[in-house]
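Enquirer: Structure supplied as entry.cif; contents: mmCIF, C-alpha atoms and all ligand atoms.
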data_coords
loop_
_atom_site.label_atom_id
_atom_site.label_comp_id
_atom_site.auth_asym_id
_atom_site.auth_seq_id
_atom_site.Cartn_x
_atom_site.Cartn_y
_atom_site.Cartn_z
CA MET X 1094 -22.57 62.75 37.17
CA ILE X 1095 -22.59 62.26 33.40
CA THR X 1096 -19.71 63.88 31.47
CA LEU X 1097 -20.09 64.64 27.75
CA ALA X 1098 -16.96 65.46 25.72
CA LEU X 1099 -17.40 67.94 22.87
CA SER X 1100 -15.07 70.01 20.71
CA LYS X 1101 -15.65 73.73 20.15
CA GLY X 1102 -17.15 74.95 16.89
CA ARG X 1103 -19.41 72.99 14.61
CA ILE X 1104 -19.70 69.85 16.79
CA PHE X 1105 -20.54 71.94 19.88
CA GLU X 1106 -23.08 74.10 18.08
CA GLU X 1107 -24.81 71.24 16.27
CA THR X 1108 -24.96 69.10 19.43
CA MET X 1109 -26.87 71.82 21.34
CA PRO X 1110 -30.28 71.04 19.74
CA LEU X 1111 -29.76 67.34 20.53
CA LEU X 1112 -29.04 68.17 24.18
CA ALA X 1113 -32.08 70.45 24.23
CA ALA X 1114 -34.20 67.45 23.18
CA ALA X 1115 -32.94 65.76 26.36
CA GLY X 1116 -34.03 68.86 28.33
CA ILE X 1117 -30.40 69.91 28.84
CA GLU X 1118 -28.96 73.35 28.13
CA VAL X 1119 -25.34 74.39 28.52
CA THR X 1120 -25.32 77.46 30.77
CA GLU X 1121 -22.10 79.05 29.45
CA ASP X 1122 -20.96 80.10 25.99
CA PRO X 1123 -17.65 78.35 25.19
CA GLU X 1124 -16.69 81.15 22.80
CA LYS X 1125 -16.89 83.71 25.64
CA SER X 1126 -15.48 81.70 28.52
CA ARG X 1127 -12.12 80.04 29.04
CA LYS X 1128 -13.59 77.31 31.16
CA LEU X 1129 -13.06 73.75 29.99
CA ILE X 1130 -15.83 72.26 32.12
CA LEU X 1131 -19.26 73.72 31.43
CA ALA X 1132 -22.26 73.27 33.69
CA THR X 1133 -25.69 72.52 32.28
CA THR X 1134 -29.25 73.06 33.48
CA ASN X 1135 -29.16 69.43 34.62
CA PRO X 1136 -26.94 69.29 37.74
CA ASP X 1137 -26.05 65.69 36.89
CA VAL X 1138 -24.72 66.48 33.39
CA ARG X 1139 -21.61 68.47 32.49
CA VAL X 1140 -19.80 69.16 29.23
CA VAL X 1141 -16.01 69.03 28.87
CA LEU X 1142 -14.35 70.84 25.96
CA VAL X 1143 -11.50 68.95 24.34
CA ARG X 1144 -9.70 68.99 20.99
CA ALA X 1145 -11.72 67.17 18.34
CA SER X 1146 -9.03 64.49 17.95
CA ASP X 1147 -8.98 63.90 21.74
CA VAL X 1148 -12.72 63.10 22.10
CA PRO X 1149 -12.30 59.32 21.45
CA THR X 1150 -9.38 59.17 23.90
CA TYR X 1151 -11.37 60.88 26.68
CA VAL X 1152 -14.30 58.52 26.19
CA GLN X 1153 -12.16 55.39 25.77
CA TYR X 1154 -10.34 55.93 29.09
CA GLY X 1155 -13.37 57.20 31.02
CA GLY X 1156 -12.40 60.90 31.23
CA ALA X 1157 -15.86 61.37 29.74
CA ASP X 1158 -18.83 58.99 29.63
CA LEU X 1159 -20.05 60.15 26.24
CA GLY X 1160 -18.66 62.14 23.37
CA VAL X 1161 -19.55 63.51 19.96
CA THR X 1162 -16.89 63.12 17.30
CA GLY X 1163 -16.54 63.00 13.53
CA LEU X 1164 -16.32 59.63 11.79
CA ASP X 1165 -12.99 60.88 10.38
CA VAL X 1166 -11.55 61.25 13.89
CA LEU X 1167 -13.05 57.96 15.02
CA LEU X 1168 -11.67 55.93 12.12
CA GLU X 1169 -8.25 57.54 12.40
CA HIS X 1170 -8.22 56.89 16.18
CA GLY X 1171 -9.45 53.31 15.97
CA ASN X 1172 -12.67 52.19 17.57
CA GLN X 1173 -11.26 50.29 20.58
CA GLY X 1174 -13.37 50.31 23.72
CA LEU X 1175 -15.98 52.68 22.33
CA TYR X 1176 -19.64 51.85 21.95
CA GLN X 1177 -20.96 53.73 18.93
CA PRO X 1178 -24.76 53.66 18.94
CA LEU X 1179 -25.74 56.63 16.77
CA ASP X 1180 -24.94 58.45 13.57
CA LEU X 1181 -26.07 61.93 14.62
CA ARG X 1182 -26.02 63.20 11.01
CA ILE X 1183 -24.54 66.54 12.14
CA ALA X 1184 -21.31 68.24 11.03
CA ALA X 1185 -21.76 66.47 7.71
CA CYS X 1186 -18.97 66.70 5.15
CA ARG X 1187 -16.84 64.36 3.04
CA LEU X 1188 -13.25 63.18 3.03
CA SER X 1189 -11.78 63.86 -0.38
CA VAL X 1190 -8.60 64.01 -2.43
CA ALA X 1191 -7.83 67.44 -3.90
CA VAL X 1192 -5.08 68.74 -6.17
CA ARG X 1193 -4.09 72.03 -7.82
CA ALA X 1194 -6.43 72.87 -10.67
CA ASP X 1195 -3.50 72.58 -13.12
CA TYR X 1196 -2.34 69.14 -11.87
CA ASP X 1197 -3.32 66.17 -14.04
CA TYR X 1198 -4.26 63.69 -11.31
CA ALA X 1199 -5.91 61.13 -13.63
CA THR X 1200 -2.79 60.82 -15.78
CA ALA X 1201 -0.46 60.66 -12.77
CA VAL X 1202 -2.53 57.79 -11.34
CA ARG X 1203 -2.82 56.01 -14.70
CA GLN X 1204 0.94 56.19 -15.26
CA GLY X 1205 1.61 54.75 -11.81
CA SER X 1206 3.45 57.85 -10.60
CA ARG X 1207 4.39 58.02 -6.94
CA LEU X 1208 2.25 60.77 -5.42
CA LYS X 1209 3.19 62.97 -2.49
CA VAL X 1210 0.05 63.31 -0.38
CA ALA X 1211 -0.23 65.69 2.59
CA THR X 1212 -2.89 65.00 5.18
CA LYS X 1213 -3.94 64.89 8.80
CA TYR X 1214 -5.59 61.53 8.02
CA VAL X 1215 -2.54 59.37 7.36
CA GLY X 1216 -4.25 56.07 8.21
CA LEU X 1217 -7.36 56.69 6.10
CA ALA X 1218 -5.29 58.04 3.20
CA ARG X 1219 -2.92 55.04 3.31
CA ASP X 1220 -5.87 52.60 3.20
CA PHE X 1221 -7.59 54.47 0.38
CA PHE X 1222 -4.57 54.65 -1.93
CA ALA X 1223 -3.53 51.07 -1.11
CA THR X 1224 -6.99 49.85 -2.20
CA LYS X 1225 -6.61 51.78 -5.46
CA GLY X 1226 -3.08 50.44 -5.97
CA VAL X 1227 -1.64 53.97 -6.07
CA HIS X 1228 1.86 54.45 -4.63
CA VAL X 1229 2.03 57.37 -2.22
CA ASP X 1230 4.44 59.09 0.11
CA LEU X 1231 2.35 60.43 2.96
CA ILE X 1232 3.24 63.69 4.67
CA LYS X 1233 1.58 64.25 8.04
CA LEU X 1234 0.24 67.76 8.64
CA TYR X 1235 -1.85 69.14 11.51
CA GLY X 1236 -3.66 71.95 9.67
CA SER X 1237 -3.91 74.18 6.58
CA MET X 1238 -3.58 71.17 4.29
CA GLU X 1239 -4.66 73.36 1.35
CA LEU X 1240 -1.29 75.08 1.42
CA ALA X 1241 0.70 71.90 0.65
CA PRO X 1242 0.01 71.63 -3.13
CA LEU X 1243 0.41 75.41 -3.53
CA THR X 1244 3.92 75.41 -2.09
CA GLY X 1245 5.14 72.22 -3.77
CA LEU X 1246 5.15 70.27 -0.50
CA ALA X 1247 2.71 67.74 -1.96
CA ASP X 1248 0.94 66.77 -5.20
CA ALA X 1249 -2.37 66.13 -3.46
CA ILE X 1250 -4.14 66.48 -0.12
CA VAL X 1251 -6.68 64.35 1.70
CA ASP X 1252 -8.96 66.64 3.70
CA LEU X 1253 -12.54 67.30 4.75
CA VAL X 1254 -14.68 69.22 2.28
CA SER X 1255 -18.01 70.75 3.20
CA THR X 1256 -19.10 73.56 0.84
CA GLY X 1257 -15.94 73.34 -1.29
CA ASN X 1258 -15.30 77.07 -0.74
CA THR X 1259 -11.91 76.58 0.91
CA LEU X 1260 -10.67 74.48 -2.02
CA LYS X 1261 -12.01 77.00 -4.54
CA ALA X 1262 -10.41 79.95 -2.73
CA ASN X 1263 -7.05 78.16 -2.99
CA HIS X 1264 -7.41 77.06 -6.64
CA LEU X 1265 -7.72 73.39 -5.71
CA VAL X 1266 -10.16 70.85 -7.14
CA GLU X 1267 -11.70 67.76 -5.62
CA VAL X 1268 -10.69 64.68 -7.67
CA GLU X 1269 -11.87 61.79 -5.47
CA ARG X 1270 -14.52 61.45 -2.80
CA ILE X 1271 -13.21 58.91 -0.27
CA MET X 1272 -16.19 58.76 2.10
CA ASP X 1273 -19.09 60.69 3.58
CA ILE X 1274 -18.46 61.88 7.12
CA SER X 1275 -20.81 62.86 9.94
CA ALA X 1276 -20.58 63.09 13.71
CA ARG X 1277 -21.16 60.00 15.88
CA LEU X 1278 -22.16 59.56 19.50
CA VAL X 1279 -19.61 57.41 21.32
CA ILE X 1280 -19.99 55.93 24.81
CA ASN X 1281 -17.55 54.48 27.31
CA GLN X 1282 -18.40 50.80 27.71
CA ALA X 1283 -18.05 50.72 31.51
CA ALA X 1284 -20.21 53.86 31.86
CA LEU X 1285 -22.83 52.21 29.71
CA LYS X 1286 -23.18 49.50 32.38
CA LEU X 1287 -22.70 51.62 35.51
CA LYS X 1288 -24.82 54.63 34.46
CA ARG X 1289 -27.28 52.75 32.32
CA GLU X 1290 -30.48 54.75 32.94
CA PRO X 1291 -29.23 58.35 32.60
CA ILE X 1292 -27.22 57.38 29.50
CA ARG X 1293 -30.20 55.59 27.97
CA ARG X 1294 -32.33 58.74 28.43
CA ILE X 1295 -29.73 60.89 26.66
CA VAL X 1296 -29.28 58.40 23.80
CA GLU X 1297 -33.05 58.18 23.26
CA ALA X 1298 -33.45 61.97 23.28
CA PHE X 1299 -30.55 62.37 20.83
CA GLU X 1300 -32.04 59.70 18.58
CA SER X 1301 -35.41 61.47 18.54
CA ALA X 1302 -33.75 64.76 17.55
CA ILE X 1303 -31.38 63.55 14.79
CA PRO X 1304 -31.92 65.74 11.73
CA SER X 1305 -33.80 63.86 9.02
CA VAL X 1306 -31.95 63.02 5.79
CA ALA X 1307 -34.48 65.06 3.81
CA ALA X 1308 -33.78 68.18 5.89
CA GLN X 1309 -30.05 68.17 5.14
P1 LIG V 1 -15.52 74.11 3.12
O1 LIG V 1 -14.79 75.36 2.69
O2 LIG V 1 -16.93 74.40 3.59
O3 LIG V 1 -15.48 73.02 2.09
O4 LIG V 1 -14.77 73.55 4.42
C1 LIG V 1 -13.48 73.03 4.31
C2 LIG V 1 -12.64 73.36 5.51
O5 LIG V 1 -13.36 73.14 6.71
C3 LIG V 1 -11.42 72.46 5.55
O6 LIG V 1 -10.34 73.16 6.13
C4 LIG V 1 -11.88 71.31 6.43
O7 LIG V 1 -10.79 70.70 7.10
C5 LIG V 1 -12.87 71.98 7.38
N1 LIG V 1 -14.06 71.16 7.64
C6 LIG V 1 -15.12 71.01 6.81
N2 LIG V 1 -16.07 70.24 7.36
C7 LIG V 1 -15.60 69.90 8.58
C8 LIG V 1 -16.11 69.10 9.67
N3 LIG V 1 -17.31 68.50 9.60
N4 LIG V 1 -15.36 68.96 10.76
C9 LIG V 1 -14.14 69.57 10.85
N5 LIG V 1 -13.60 70.33 9.86
C10 LIG V 1 -14.32 70.50 8.75
#
Could you render the structure as structure tokens?
Ligand code: AMP

Expert:
Amino acid sequence: MITLALSKGRIFEETMPLLAAAGIEVTEDPEKSRKLILATTNPDVRVVLVRASDVPTYVQYGGADLGVTGLDVLLEHGNQGLYQPLDLRIAACRLSVAVRADYDYATAVRQGSRLKVATKYVGLARDFFATKGVHVDLIKLYGSMELAPLTGLADAIVDLVSTGNTLKANHLVEVERIMDISARLVINQAALKLKREPIRRIVEAFESAIPSVAAQ
């Protein structure tokens, strides 16, 4: 049995065409079912639904053989024990710094002010501001980061931006682009040895179906 860990939403939906290329279809709709283990048309392959931030943990400890997870999650988790063969180029977005439209970020940085930064990505944010030599107090949040500058909790946020619509709707502006993000295939290293052939077939099918850069 091969177990693939996915999170609901964009990662699940954008992984389906890749699975289809491997001749695998998930037989249940995760939005309509409460099941956490989904069967597929291949009796030897199943999908487990986990929180996005738990995908690397499941794969690292062998709760799943393979997983699809954002580079943001992977970098924040640390890459221990995970083989990372493919950039799937799905769920593409960027990790950025954003502030209220009326906040003068450039001057605050130039003057060496200490910035309060709210984010789910404490590790990535710490590294980014340290490299820039900007002093920050980091505030860990688990969601709705956009609210932090609007309520005075923080001067800035570090969050994922895709279309920019969420920032715009909350009168925030993107002031730094930290890195481009996309989803990666990760594989448990023991599974890679013990289930070599079935995993190789899935990896090759995924690779053949990765969206081309031009199509994005
Ligand atoms: P957008 O309004 O399209 O810029 O999307 C921004 C919102 O969607 C923010 O709340 C982000 O945290 C979230 N988001 C955007 N892209 C992704 C992604 N690839 N994975 C997870 N969350 C995302």

Enquirer: One number please: atom CA of Gly1216 of chain X to atom CA of Gly1257 of chain X, in Å, one decimal.

Expert: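 Result for atom CA of Gly1216 of chain X versus atom CA of Gly1257 of chain X: 22.9 Å, one decimal.
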
Enquirer: Show me which residues sit within 8 Å of ligand LIG 1 (chain V) when counting only C-alpha atoms and all ligand atoms, and put them as an MDAnalysis selection string.

Expert: chainID X and resid 1103:1104 1163 1183:1187 1236:1239 1252:1261 1274:1276

Enquirer: If we count only C-alpha atoms, what is near Ser1100 of chain X at a cut-off of 12 Å, once residues fewer than 2 positions away on the same chain are taken out, given as an MDAnalysis selection string?

Expert: chainID X and resid 1097:1098 1102:1109 1123:1124 1129:1130 1140:1149 1151 1160:1163 1166 1184 1276

Enquirer: Considering all atoms listed in the file, can you say which of X:Val1227, X:Leu1168, X:Leu1159, X:Ala1241 comes closest to Ala1199 of chain X?

Expert: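 Nearest to Ala1199 of chain X: X:Val1227.
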
Enquirer: List the neighbours of Thr1133 of chain X out to 7 Å using all atoms listed in the file; skip same-chain residues closer than 6 positions along the sequence, and give me the result as a count of residues only.

Expert: 5
